[in-house]
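Peer 1: I am sharing start-v1.cif, which consists of mmCIF, C-alpha atoms:
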```cif
data_work
#
loop_
_atom_site.label_atom_id
_atom_site.label_comp_id
_atom_site.auth_asym_id
_atom_site.auth_seq_id
_atom_site.Cartn_x
_atom_site.Cartn_y
_atom_site.Cartn_z
CA MET B 1021 53.62 -11.00 10.17
CA ALA B 1022 50.77 -8.76 11.23
CA ILE B 1023 47.72 -8.81 9.00
CA SER B 1024 45.07 -6.19 8.49
CA ARG B 1025 41.41 -6.87 9.07
CA ARG B 1026 40.83 -6.65 5.30
CA GLN B 1027 43.42 -9.36 4.69
CA PHE B 1028 41.91 -11.60 7.33
CA LEU B 1029 38.47 -11.25 5.85
CA SER B 1030 39.49 -11.78 2.24
CA ARG B 1031 41.41 -14.94 3.10
CA GLY B 1032 38.90 -16.58 5.30
CA ALA B 1033 35.37 -17.43 5.88
CA LEU B 1034 33.92 -14.75 8.12
CA THR B 1035 33.98 -11.03 8.01
CA ALA B 1036 33.82 -8.92 11.00
CA ALA B 1037 32.70 -7.94 8.18
CA ALA B 1038 22.67 12.97 -7.08
CA LEU B 1039 20.96 12.13 -9.90
CA GLY B 1040 17.25 12.67 -10.11
CA VAL B 1041 15.07 10.06 -11.82
CA PRO B 1042 15.63 10.84 -15.49
CA HIS B 1043 12.77 10.77 -17.94
CA PRO B 1044 13.78 7.35 -19.33
CA PHE B 1045 13.05 5.74 -15.98
CA GLN B 1046 9.38 6.55 -15.80
CA ARG B 1047 7.31 3.36 -15.54
CA ALA B 1048 6.30 1.79 -18.81
CA LEU B 1049 3.33 -0.24 -17.57
CA LEU B 1050 1.31 2.15 -15.44
CA GLY B 1051 -1.55 0.55 -13.56
CA ALA B 1052 -0.40 -2.98 -14.29
CA ALA B 1053 1.00 -3.75 -10.86
CA THR B 1054 -0.16 -3.54 -7.29
CA ALA B 1055 1.89 -1.75 -4.66
CA HIS B 1056 3.69 -3.97 -2.16
CA ALA B 1057 5.07 -3.00 1.23
CA ALA B 1058 8.43 -4.52 2.12
CA PRO B 1059 7.78 -7.54 4.34
CA ALA B 1060 9.18 -8.15 7.79
CA GLY B 1061 12.30 -10.24 7.44
CA ALA B 1062 12.89 -9.18 3.84
CA ILE B 1063 15.37 -11.39 1.97
CA LEU B 1064 17.87 -10.09 -0.60
CA LEU B 1065 19.91 -12.18 -3.04
CA LEU B 1066 22.64 -10.31 -4.94
CA VAL B 1067 23.66 -12.09 -8.14
CA GLN B 1068 26.92 -10.95 -9.68
CA LEU B 1069 27.51 -11.48 -13.40
CA GLU B 1070 31.27 -11.30 -13.15
CA GLY B 1071 33.31 -10.04 -16.09
CA GLY B 1072 31.09 -7.35 -17.58
CA ASN B 1073 27.84 -8.53 -19.15
CA ASP B 1074 26.95 -7.38 -22.67
CA GLY B 1075 23.68 -5.55 -22.12
CA LEU B 1076 22.97 -5.04 -25.81
CA ASN B 1077 22.68 -8.78 -26.37
CA THR B 1078 20.69 -9.08 -23.15
CA VAL B 1079 17.90 -6.65 -24.06
CA ILE B 1080 17.81 -6.51 -27.86
CA PRO B 1081 15.97 -4.15 -30.23
CA ILE B 1082 13.54 -5.94 -32.55
CA ASP B 1083 12.64 -3.07 -34.87
CA ASN B 1084 13.06 0.62 -35.64
CA ALA B 1085 10.75 3.27 -34.29
CA PRO B 1086 10.20 6.63 -36.04
CA GLY B 1087 13.29 8.76 -35.48
CA PHE B 1088 15.30 5.90 -33.99
CA ASN B 1089 17.11 3.29 -36.06
CA GLN B 1090 17.96 1.00 -33.17
CA ARG B 1091 17.54 -2.30 -35.04
CA THR B 1092 19.36 -1.14 -38.18
CA LEU B 1093 22.27 0.20 -36.15
CA TYR B 1094 22.34 -3.01 -34.07
CA ASP B 1095 22.55 -5.15 -37.21
CA ASN B 1096 25.31 -2.96 -38.65
CA ALA B 1097 27.37 -3.11 -35.46
CA ARG B 1098 26.99 -6.87 -35.00
CA PRO B 1099 26.94 -8.63 -38.36
CA THR B 1100 27.65 -12.08 -36.88
CA LEU B 1101 27.07 -11.49 -33.15
CA GLY B 1102 23.57 -10.06 -33.49
CA VAL B 1103 20.46 -12.13 -32.78
CA SER B 1104 17.92 -12.23 -35.61
CA VAL B 1105 14.44 -10.82 -35.26
CA ALA B 1106 12.89 -14.23 -35.90
CA ASP B 1107 14.74 -15.66 -32.89
CA LEU B 1108 13.48 -12.91 -30.58
CA LEU B 1109 9.73 -13.14 -31.00
CA ASP B 1110 9.19 -15.66 -28.20
CA THR B 1111 11.03 -13.51 -25.63
CA GLU B 1112 9.58 -10.12 -26.53
CA ILE B 1113 9.00 -7.74 -23.63
CA ALA B 1114 7.41 -4.30 -23.42
CA ALA B 1115 8.48 -1.70 -25.96
CA ASP B 1116 11.17 0.83 -25.13
CA PRO B 1117 9.27 3.42 -23.06
CA VAL B 1118 11.13 6.34 -24.67
CA LYS B 1119 11.99 5.35 -28.22
CA GLY B 1120 8.97 3.12 -28.81
CA ASN B 1121 10.79 0.31 -30.61
CA ARG B 1122 10.08 -3.29 -29.62
CA LEU B 1123 12.49 -5.10 -27.29
CA ALA B 1124 13.22 -8.72 -26.43
CA LEU B 1125 15.37 -10.70 -24.04
CA HIS B 1126 18.05 -12.96 -25.46
CA PRO B 1127 16.45 -16.32 -26.34
CA SER B 1128 18.64 -18.11 -23.77
CA LEU B 1129 16.89 -16.03 -21.11
CA ALA B 1130 13.55 -17.72 -21.89
CA PRO B 1131 13.10 -19.02 -18.30
CA LEU B 1132 13.57 -15.47 -17.04
CA HIS B 1133 11.07 -14.31 -19.65
CA ASP B 1134 8.53 -16.69 -18.09
CA LEU B 1135 8.90 -14.80 -14.81
CA TYR B 1136 8.71 -11.49 -16.69
CA ALA B 1137 5.43 -12.56 -18.28
CA ASP B 1138 4.04 -13.15 -14.79
CA GLY B 1139 4.97 -9.60 -13.76
CA ASN B 1140 7.86 -10.62 -11.52
CA VAL B 1141 10.84 -9.13 -13.41
CA ALA B 1142 11.88 -5.50 -13.78
CA VAL B 1143 14.31 -4.85 -16.65
CA LEU B 1144 16.51 -1.88 -15.68
CA ASN B 1145 18.24 -0.33 -18.71
CA GLY B 1146 21.08 2.15 -19.10
CA ILE B 1147 22.67 1.59 -15.69
CA SER B 1148 26.27 2.31 -14.64
CA TYR B 1149 28.29 5.11 -13.04
CA PRO B 1150 29.66 8.40 -14.41
CA ASN B 1151 33.04 8.34 -16.17
CA GLN B 1152 33.25 4.57 -16.48
CA SER B 1153 36.82 3.38 -15.93
CA LEU B 1154 36.54 0.27 -18.19
CA SER B 1155 38.80 -1.56 -15.72
CA HIS B 1156 37.48 -4.77 -14.14
CA PHE B 1157 39.20 -4.12 -10.82
CA ARG B 1158 38.31 -0.45 -10.48
CA SER B 1159 34.75 -0.97 -11.71
CA GLU B 1160 34.19 -3.84 -9.32
CA ASP B 1161 35.45 -1.71 -6.44
CA ILE B 1162 33.01 1.03 -7.45
CA TRP B 1163 30.04 -1.34 -7.64
CA TYR B 1164 31.03 -2.97 -4.35
CA SER B 1165 31.57 0.31 -2.49
CA ALA B 1166 29.02 2.53 -4.30
CA ASN B 1167 31.75 5.17 -4.42
CA PRO B 1168 32.85 6.16 -7.95
CA THR B 1169 35.35 8.80 -6.84
CA GLY B 1170 36.99 7.70 -3.59
CA ALA B 1171 39.31 4.89 -2.61
CA PHE B 1172 37.70 1.61 -1.59
CA SER B 1173 37.09 1.36 2.15
CA ASN B 1174 34.13 -0.94 2.71
CA GLY B 1175 31.11 -2.28 0.87
CA TRP B 1176 27.78 -0.55 0.45
CA PHE B 1177 25.98 -3.52 1.99
CA GLY B 1178 28.63 -3.81 4.70
CA ARG B 1179 27.74 -0.27 5.74
CA TYR B 1180 24.08 -1.25 5.85
CA LEU B 1181 24.92 -4.26 8.04
CA ASP B 1182 26.93 -2.09 10.42
CA ALA B 1183 23.97 0.28 10.73
CA ALA B 1184 21.22 -2.31 11.02
CA THR B 1185 22.70 -5.38 12.74
CA THR B 1186 24.94 -6.34 15.64
CA PRO B 1187 28.29 -8.21 15.42
CA SER B 1188 26.76 -11.24 17.14
CA GLU B 1189 24.33 -11.78 14.25
CA LEU B 1190 25.30 -14.06 11.37
CA ILE B 1191 22.54 -13.29 8.91
CA THR B 1192 24.54 -12.72 5.73
CA VAL B 1193 26.04 -15.50 3.61
CA ASP B 1194 28.32 -15.26 0.60
CA LEU B 1195 28.38 -18.55 -1.32
CA ASP B 1196 31.98 -18.23 -2.43
CA LYS B 1197 35.45 -19.19 -1.26
CA THR B 1198 36.37 -15.61 -0.39
CA LEU B 1199 34.23 -12.81 0.93
CA ASN B 1200 32.84 -10.44 -1.69
CA PRO B 1201 33.88 -6.83 -0.90
CA THR B 1202 30.23 -5.76 -1.08
CA PHE B 1203 30.04 -7.13 2.46
CA PHE B 1204 33.27 -5.61 3.83
CA SER B 1205 32.36 -3.76 7.00
CA VAL B 1206 33.70 -2.41 10.27
CA ASP B 1207 31.95 -4.68 12.78
CA SER B 1208 29.50 -7.04 11.06
CA ASN B 1209 30.00 -10.75 10.57
CA VAL B 1210 29.38 -12.48 7.24
CA LEU B 1211 29.83 -16.14 6.41
CA ALA B 1212 31.77 -16.80 3.18
CA VAL B 1213 31.83 -20.46 2.18
CA ALA B 1214 31.87 -22.17 -1.22
CA SER B 1215 29.14 -24.58 -0.10
CA LEU B 1216 27.29 -25.46 3.08
CA ALA B 1217 29.00 -28.85 3.02
CA GLU B 1218 32.35 -27.09 3.48
CA PHE B 1219 31.26 -25.16 6.57
CA GLU B 1220 32.76 -27.57 9.09
CA LEU B 1221 35.81 -28.19 11.23
CA SER B 1222 38.28 -29.98 9.00
CA ASP B 1223 39.57 -33.43 9.86
CA ASP B 1224 42.89 -33.27 11.66
CA PRO B 1225 44.95 -36.47 12.07
CA LEU B 1226 46.96 -34.85 14.88
CA TYR B 1227 43.81 -33.85 16.78
CA PRO B 1228 41.05 -36.30 15.77
CA ASP B 1229 38.73 -35.28 18.61
CA LEU B 1230 36.85 -32.53 16.78
CA ALA B 1231 34.59 -31.79 19.76
CA ALA B 1232 37.63 -31.07 21.90
CA LYS B 1233 39.16 -29.04 19.10
CA LYS B 1234 36.00 -26.95 18.82
CA ALA B 1235 35.92 -26.35 22.59
CA ALA B 1236 39.57 -25.26 22.57
CA LEU B 1237 38.98 -22.86 19.69
CA GLN B 1238 35.90 -21.44 21.40
CA ALA B 1239 37.88 -20.80 24.57
CA ALA B 1240 40.66 -19.09 22.64
CA TYR B 1241 38.27 -16.95 20.59
CA ALA B 1242 36.32 -15.99 23.72
CA VAL B 1243 39.46 -14.47 25.22
CA GLU B 1244 40.29 -12.61 22.02
CA ALA B 1245 36.70 -11.36 21.73
CA ASP B 1246 36.82 -9.87 25.23
CA PRO B 1247 37.38 -6.10 24.83
CA LEU B 1248 39.13 -6.07 28.21
CA GLU B 1249 41.71 -8.55 26.90
CA THR B 1250 42.38 -7.53 23.29
CA SER B 1251 41.79 -4.76 20.79
CA GLY B 1252 42.13 -4.01 17.09
CA THR B 1253 42.58 -6.86 14.63
CA GLN B 1254 43.03 -9.45 17.37
CA HIS B 1255 39.72 -8.49 18.94
CA SER B 1256 37.98 -8.58 15.53
CA VAL B 1257 39.37 -12.02 14.74
CA GLY B 1258 38.25 -13.29 18.13
CA ASN B 1259 34.78 -11.86 17.69
CA SER B 1260 34.44 -13.36 14.21
CA GLY B 1261 35.73 -16.76 15.30
CA ASP B 1262 33.42 -16.82 18.29
CA VAL B 1263 30.36 -16.07 16.12
CA LEU B 1264 31.51 -18.61 13.52
CA LEU B 1265 31.86 -21.47 15.96
CA SER B 1266 28.64 -20.57 17.76
CA SER B 1267 26.78 -20.86 14.45
CA LEU B 1268 28.50 -23.98 13.17
CA ASP B 1269 26.11 -26.59 14.57
CA ALA B 1270 23.02 -24.76 13.33
CA TYR B 1271 24.35 -24.45 9.79
CA GLN B 1272 25.54 -28.06 9.74
CA ALA B 1273 22.01 -29.17 10.64
CA ILE B 1274 20.54 -27.64 7.48
CA ASP B 1275 19.12 -30.30 5.17
CA THR B 1276 20.38 -29.97 1.58
CA SER B 1277 18.93 -33.26 0.32
CA TRP B 1278 15.35 -32.10 -0.13
CA SER B 1279 13.39 -31.98 -3.41
CA SER B 1280 14.36 -28.49 -4.53
CA ASN B 1281 13.43 -27.23 -7.99
CA LEU B 1282 17.18 -26.71 -8.42
CA ASN B 1283 17.93 -30.43 -8.20
CA GLY B 1284 19.50 -31.61 -11.43
CA LYS B 1285 20.06 -28.12 -12.78
CA PRO B 1286 23.55 -27.85 -14.27
CA GLY B 1287 26.46 -25.81 -13.01
CA ARG B 1288 28.01 -24.48 -9.83
CA PHE B 1289 25.63 -21.51 -9.91
CA ALA B 1290 22.60 -23.77 -9.42
CA ARG B 1291 24.36 -25.70 -6.66
CA ARG B 1292 25.06 -22.49 -4.77
CA LEU B 1293 21.50 -21.30 -5.25
CA LYS B 1294 20.40 -24.65 -3.84
CA ASP B 1295 22.37 -23.88 -0.68
CA VAL B 1296 20.59 -20.53 -0.40
CA SER B 1297 17.22 -22.24 -0.88
CA SER B 1298 18.17 -24.82 1.75
CA ILE B 1299 18.94 -22.10 4.29
CA LEU B 1300 15.63 -20.40 3.55
CA ARG B 1301 13.76 -23.70 3.78
CA ASN B 1302 15.40 -24.46 7.12
CA ASP B 1303 14.33 -21.09 8.46
CA ALA B 1304 10.78 -21.54 7.20
CA LEU B 1305 10.35 -25.05 8.62
CA SER B 1306 12.79 -25.49 11.49
CA THR B 1307 14.90 -23.61 14.03
CA PRO B 1308 16.10 -20.63 12.00
CA VAL B 1309 19.70 -19.64 11.52
CA GLY B 1310 18.35 -16.21 10.60
CA ALA B 1311 20.22 -15.62 7.33
CA ARG B 1312 18.42 -13.18 5.04
CA PHE B 1313 21.09 -11.62 2.83
CA PHE B 1314 23.06 -13.54 0.20
CA HIS B 1315 25.55 -13.16 -2.64
CA VAL B 1316 26.10 -15.68 -5.45
CA ARG B 1317 28.54 -15.16 -8.32
CA LEU B 1318 28.34 -16.40 -11.91
CA GLY B 1319 31.64 -15.76 -13.71
CA GLY B 1320 32.68 -15.82 -17.36
CA PHE B 1321 31.06 -12.68 -18.80
CA ASP B 1322 34.34 -11.13 -20.02
CA THR B 1323 33.50 -12.10 -23.61
CA HIS B 1324 36.29 -10.56 -25.70
CA SER B 1325 36.07 -13.53 -28.08
CA ASN B 1326 33.63 -16.27 -29.00
CA GLN B 1327 30.78 -14.54 -27.23
CA GLY B 1328 28.20 -16.21 -29.44
CA SER B 1329 24.89 -15.17 -30.92
CA LEU B 1330 22.53 -18.09 -30.21
CA ALA B 1331 25.29 -20.46 -29.08
CA GLY B 1332 28.53 -19.66 -27.30
CA ARG B 1333 29.78 -18.30 -24.01
CA GLN B 1334 27.17 -15.66 -23.28
CA PRO B 1335 24.16 -17.77 -24.36
CA ASP B 1336 25.44 -20.65 -22.22
CA LEU B 1337 25.82 -18.33 -19.23
CA PHE B 1338 22.36 -16.87 -19.83
CA ASN B 1339 20.87 -20.35 -19.81
CA GLU B 1340 22.65 -21.23 -16.56
CA LEU B 1341 21.56 -17.91 -15.03
CA SER B 1342 17.91 -18.01 -16.06
CA VAL B 1343 17.34 -21.71 -15.39
CA GLY B 1344 18.86 -21.29 -11.94
CA LEU B 1345 16.99 -18.12 -11.02
CA LYS B 1346 13.63 -19.47 -12.18
CA ALA B 1347 14.12 -22.67 -10.14
CA PHE B 1348 15.21 -20.61 -7.12
CA TYR B 1349 12.10 -18.45 -7.45
CA GLU B 1350 9.96 -21.60 -7.69
CA ASP B 1351 11.55 -22.82 -4.46
CA ALA B 1352 10.56 -19.57 -2.79
CA VAL B 1353 6.98 -20.03 -4.03
CA ASP B 1354 6.86 -23.61 -2.74
CA LEU B 1355 8.20 -22.48 0.63
CA GLY B 1356 5.58 -19.73 0.87
CA ILE B 1357 8.16 -16.93 1.05
CA ALA B 1358 8.11 -15.57 -2.52
CA ASP B 1359 6.73 -12.27 -1.24
CA LYS B 1360 9.81 -11.88 0.98
CA VAL B 1361 12.50 -12.54 -1.65
CA LEU B 1362 14.12 -9.91 -3.87
CA ILE B 1363 16.82 -10.88 -6.40
CA LEU B 1364 19.07 -8.20 -7.91
CA THR B 1365 21.64 -8.85 -10.63
CA PHE B 1366 24.66 -6.65 -11.32
CA SER B 1367 27.84 -6.62 -13.39
CA GLU B 1368 30.82 -4.25 -13.33
CA PHE B 1369 30.17 -2.80 -16.80
CA GLY B 1370 28.57 -3.48 -20.16
CA ARG B 1371 30.30 -4.11 -23.49
CA ARG B 1372 31.12 -2.01 -26.55
CA VAL B 1373 28.38 -1.75 -29.19
CA ALA B 1374 30.41 -2.99 -32.16
CA GLN B 1375 31.65 -6.56 -32.18
CA ASN B 1376 35.40 -7.04 -32.41
CA GLY B 1377 37.46 -9.20 -34.75
CA GLY B 1378 37.37 -12.16 -32.39
CA GLY B 1379 33.61 -12.51 -32.43
CA GLY B 1380 33.24 -10.84 -29.05
CA THR B 1381 32.83 -7.42 -27.47
CA ASP B 1382 35.24 -5.25 -25.53
CA HIS B 1383 34.72 -3.37 -22.27
CA GLY B 1384 31.90 -0.84 -22.40
CA GLU B 1385 29.74 1.34 -20.18
CA ALA B 1386 25.99 1.12 -19.59
CA SER B 1387 24.29 -2.23 -19.18
CA VAL B 1388 21.10 -3.82 -17.86
CA LEU B 1389 20.15 -5.13 -14.41
CA PHE B 1390 17.28 -7.40 -13.42
CA ALA B 1391 15.19 -7.12 -10.26
CA ILE B 1392 13.13 -10.26 -9.64
CA GLY B 1393 10.46 -11.12 -7.09
CA ASP B 1394 6.79 -10.99 -6.19
CA ALA B 1395 7.18 -7.48 -4.81
CA VAL B 1396 8.82 -6.17 -7.99
CA GLN B 1397 6.76 -3.87 -10.18
CA GLY B 1398 7.40 -5.81 -13.39
CA GLY B 1399 8.13 -4.19 -16.72
CA VAL B 1400 10.73 -2.29 -18.71
CA TYR B 1401 12.39 0.64 -16.98
CA GLY B 1402 14.56 3.13 -18.75
CA THR B 1403 15.52 3.22 -22.38
CA VAL B 1404 18.20 1.19 -24.11
CA PRO B 1405 20.76 3.97 -24.77
CA ALA B 1406 20.63 5.33 -28.31
CA LEU B 1407 22.86 3.50 -30.77
CA ASN B 1408 23.38 6.70 -32.80
CA ASP B 1409 24.65 8.63 -29.77
CA LEU B 1410 27.57 6.73 -28.30
CA ASN B 1411 30.47 7.64 -26.04
CA LYS B 1412 33.58 6.42 -27.85
CA GLY B 1413 31.66 3.44 -29.14
CA ASN B 1414 29.92 2.71 -25.82
CA LEU B 1415 26.32 2.94 -24.64
CA LYS B 1416 25.88 6.12 -22.63
CA VAL B 1417 24.78 5.91 -19.01
CA HIS B 1418 21.50 7.55 -18.14
CA THR B 1419 20.87 6.18 -14.62
CA ASP B 1420 23.37 6.06 -11.77
CA PHE B 1421 23.60 2.56 -10.26
CA ARG B 1422 23.39 4.08 -6.79
CA GLN B 1423 19.74 4.90 -7.52
CA VAL B 1424 19.14 1.15 -7.74
CA TYR B 1425 20.92 0.59 -4.42
CA ALA B 1426 19.02 3.46 -2.83
CA THR B 1427 15.75 1.91 -3.98
CA VAL B 1428 16.66 -1.45 -2.45
CA ILE B 1429 17.71 0.14 0.85
CA ASP B 1430 14.82 2.58 1.21
CA LYS B 1431 11.99 0.46 -0.17
CA TRP B 1432 13.00 -3.12 0.62
CA LEU B 1433 15.33 -3.16 3.61
CA ALA B 1434 14.44 -0.05 5.57
CA THR B 1435 12.60 3.25 5.21
CA PRO B 1436 12.88 6.31 2.94
CA GLY B 1437 16.09 8.24 3.49
CA THR B 1438 18.01 5.34 5.08
CA HIS B 1439 20.37 5.22 2.08
CA VAL B 1440 21.71 8.76 2.53
CA PRO B 1441 24.55 8.03 5.00
CA LEU B 1442 25.27 4.68 3.34
CA LEU B 1443 25.79 5.71 -0.31
CA PRO B 1444 28.47 8.34 -1.02
CA GLY B 1445 27.33 11.21 -3.24
CA GLY B 1446 23.68 11.06 -2.22
CA PRO B 1447 20.90 11.60 -1.65
CA PHE B 1448 19.61 9.73 -4.68
CA THR B 1449 16.13 9.60 -6.11
CA THR B 1450 14.71 6.10 -5.82
CA LEU B 1451 13.20 4.24 -8.77
CA GLY B 1452 9.78 2.73 -9.42
CA PHE B 1453 10.52 -0.99 -9.63
CA LEU B 1454 9.71 -1.22 -5.93
CA THR B 1455 6.98 0.78 -4.22
#
```
Any chance you could give the structure as structure tokens?
Peer 2:
Amino acid sequence: MAISRRQFLSRGALTAAALGVPHPFQRALLGAATAHAAPAGAILLLVQLEGGNDGLNTVIPIDNAPGFNQRTLYDNARPTLGVSVADLLDTEIAADPVKGNRLALHPSLAPLHDLYADGNVAVLNGISYPNQSLSHFRSEDIWYSANPTGAFSNGWFGRYLDAATTPSELITVDLDKTLNPTFFSVDSNVLAVASLAEFELSDDPLYPDLAAKKAALQAAYAVEADPLETSGTQHSVGNSGDVLLSSLDAYQAIDTSWSSNLNGKPGRFARRLKDVSSILRNDALSTPVGARFFHVRLGGFDTHSNQGSLAGRQPDLFNELSVGLKAFYEDAVDLGIADKVLILTFSEFGRRVAQNGGGGTDHGEASVLFAIGDAVQGGVYGTVPALNDLNKGNLKVHTDFRQVYATVIDKWLATPGTHVPLLPGGPFTTLGFLT
């Protein structure tokens, strides 16, 4: 049976793969940060909070400000799910730049708050896309493609890779069993593997000579990768296989046994971050494989029930997230590359304001993103959407997520205006969390 290129990529390991800045997004901490130019060899880690993260229990109102009853309305909407004021004082961040009420991160995000206190975290409020679908699958496609109105074709970062790299480069790694559609592209190659330890030729009792097996595969892929011999899907598969096998030895040589800050941290998320750190360490200290762009997923955020206030599913996930990201950042500092690393979190949607009968929250609209790194202009950006002005019980969107992507492309990866052909619906005004 013939397979499409999309099917090949999603099954396997390697892909051949305008809103202006609204008032709420003016910087809250003017003069507190120093401008940074994007470094040569900039590194980007995309962290997906899969399932739809509840932004209102991520960035939480502490009090009311004149004219805005954010805390009172929060308490009324979440009688058992809400986090008490007393539990928020140690993770307080800057006040809402529009409403003026005090804000805090969820207590389980305390390690992330440590990075915030050092000026290395931007809290991006009120983010999503117009006319939120509330469907996991459709919303994920929109976040992956940056196209809220059209059918999914390829990923926003896949388009960047096609524009900025060549098919022979293997500089993008997705630490997952299947390739995230963010990286789907026309020509570019992306490694998708659940762990570095699994990036190997598998044992084969019928053909135990793995060196001979590798040579045979290389010969076969070389023919398929020859444009004079093949075309279409066959040519793409040959090209991808050829790049994969050519990179195998270099990736297998990466040391993952070193004394990373992630050692001993719980969960698959930390183990995958350790693989990213190991790649970056290899490239800082040894013959580089050249990988600079990464995706790591943390699932479980579809909290329709038992979400938890201080204990439960979301607090546990927040602890795993923040412990892992802080340790990863500390690795970057130890390796001397913290100025080159940008971390961006995203999730397909937020959650409804009012808790449901199962002690959870249902699919909503606007949520919060985090941008983390030495080059980030730390602080609170945007306002938590007003709790007395909802859209069918959901937080209203005030900033299009494509403005975040445009900022990353234009200010971190390339130059102003680069995002225009890459993000449908543009141009978009970039935001101030990077300069």
Peer 1: Can you write out as a Markdown table which residues of region 1243-1358 of chain B fall within 6 Å of region 1193-1215 of chain B, alongside each residue's closest atom pair and its distance in Å to one decimal, counting all atoms listed in the file and ordering rows by chain and ascending residue number?
Peer 2:
```
| residue | atom | partner | partner_atom | distance |
| --- | --- | --- | --- | --- |
| B:Phe1314 | CA | B:Val1193 | CA | 4.9 |
| B:His1315 | CA | B:Asp1194 | CA | 4.8 |
| B:Val1316 | CA | B:Leu1195 | CA | 5.5 |
```
Peer 1: At what distance in Å, to one decimal, does CA of Val1428 (chain B) lie from CA of Leu1345 (chain B)?
Peer 2: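 Result for CA of Leu1345 (chain B) versus CA of Val1428 (chain B): 18.7 Å, one decimal.
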Peer 1: The PyMOL selection byres ((chain B and resi 1167) around 12) on the file shown: which residues, as a CSV table (one decimal) with C-alpha atoms, in the frame of the given file?
Peer 2:
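File written: selection01.csv
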```csv
chain,number,residue,atom,x,y,z
B,1148,SER,CA,26.3,2.3,-14.6
B,1149,TYR,CA,28.3,5.1,-13.0
B,1150,PRO,CA,29.7,8.4,-14.4
B,1158,ARG,CA,38.3,-0.4,-10.5
B,1159,SER,CA,34.8,-1.0,-11.7
B,1160,GLU,CA,34.2,-3.8,-9.3
B,1161,ASP,CA,35.4,-1.7,-6.4
B,1162,ILE,CA,33.0,1.0,-7.4
B,1163,TRP,CA,30.0,-1.3,-7.6
B,1164,TYR,CA,31.0,-3.0,-4.4
B,1165,SER,CA,31.6,0.3,-2.5
B,1166,ALA,CA,29.0,2.5,-4.3
B,1168,PRO,CA,32.8,6.2,-8.0
B,1169,THR,CA,35.4,8.8,-6.8
B,1170,GLY,CA,37.0,7.7,-3.6
B,1171,ALA,CA,39.3,4.9,-2.6
B,1172,PHE,CA,37.7,1.6,-1.6
B,1173,SER,CA,37.1,1.4,2.2
B,1174,ASN,CA,34.1,-0.9,2.7
B,1175,GLY,CA,31.1,-2.3,0.9
B,1176,TRP,CA,27.8,-0.6,0.4
B,1202,THR,CA,30.2,-5.8,-1.1
B,1420,ASP,CA,23.4,6.1,-11.8
B,1421,PHE,CA,23.6,2.6,-10.3
B,1422,ARG,CA,23.4,4.1,-6.8
B,1425,TYR,CA,20.9,0.6,-4.4
B,1442,LEU,CA,25.3,4.7,3.3
B,1443,LEU,CA,25.8,5.7,-0.3
B,1444,PRO,CA,28.5,8.3,-1.0
B,1445,GLY,CA,27.3,11.2,-3.2
B,1446,GLY,CA,23.7,11.1,-2.2
```
Peer 1: Which residues of region 1291-1341 of chain B come within 8 Å of region 1096-1113 of chain B, and for each one, what is the closest pair of atoms and their distance in Å to one decimal, counting all atoms listed in the file, sorted by chain and residue number, as CSV?
Peer 2:
```
residue,atom,partner,partner_atom,distance
B:Gln1327,CA,B:Leu1101,CA,7.6
B:Gly1328,CA,B:Leu1101,CA,6.1
B:Ser1329,CA,B:Leu1101,CA,4.8
B:Leu1330,CA,B:Val1103,CA,6.8
```
Peer 1: Please report, as JSON lines, each residue of region 1321-1365 of chain B lying at most 12 Å from region 1070-1078 of chain B, together with the nearest pair of atoms and the separation in Å rounded to one decimal; use all atoms listed in the file, and order rows by chain and ascending residue number.
Peer 2:
```
{"residue": "B:Phe1321", "atom": "CA", "partner": "B:Gly1071", "partner_atom": "CA", "distance": 4.4}
{"residue": "B:Asp1322", "atom": "CA", "partner": "B:Gly1071", "partner_atom": "CA", "distance": 4.2}
{"residue": "B:Thr1323", "atom": "CA", "partner": "B:Gly1071", "partner_atom": "CA", "distance": 7.8}
{"residue": "B:His1324", "atom": "CA", "partner": "B:Gly1071", "partner_atom": "CA", "distance": 10.1}
{"residue": "B:Gln1327", "atom": "CA", "partner": "B:Asp1074", "partner_atom": "CA", "distance": 9.3}
{"residue": "B:Gly1328", "atom": "CA", "partner": "B:Asn1077", "partner_atom": "CA", "distance": 9.8}
{"residue": "B:Ser1329", "atom": "CA", "partner": "B:Asn1077", "partner_atom": "CA", "distance": 8.1}
{"residue": "B:Leu1330", "atom": "CA", "partner": "B:Asn1077", "partner_atom": "CA", "distance": 10.1}
{"residue": "B:Arg1333", "atom": "CA", "partner": "B:Asn1073", "partner_atom": "CA", "distance": 11.1}
{"residue": "B:Gln1334", "atom": "CA", "partner": "B:Asn1073", "partner_atom": "CA", "distance": 8.3}
{"residue": "B:Pro1335", "atom": "CA", "partner": "B:Asn1077", "partner_atom": "CA", "distance": 9.3}
{"residue": "B:Leu1337", "atom": "CA", "partner": "B:Asn1073", "partner_atom": "CA", "distance": 10.0}
{"residue": "B:Phe1338", "atom": "CA", "partner": "B:Thr1078", "partner_atom": "CA", "distance": 8.6}
{"residue": "B:Asn1339", "atom": "CA", "partner": "B:Thr1078", "partner_atom": "CA", "distance": 11.8}
{"residue": "B:Leu1341", "atom": "CA", "partner": "B:Glu1070", "partner_atom": "CA", "distance": 11.9}
{"residue": "B:Ser1342", "atom": "CA", "partner": "B:Thr1078", "partner_atom": "CA", "distance": 11.7}
{"residue": "B:Thr1365", "atom": "CA", "partner": "B:Glu1070", "partner_atom": "CA", "distance": 10.3}
```
Peer 1: Between B:Leu1268, B:Val1343, B:Leu1305, B:Leu1410, which has the minimum distance to Gly1384 (chain B) (counting only C-alpha atoms)?
Peer 2: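 Nearest to Gly1384 (chain B): B:Leu1410.
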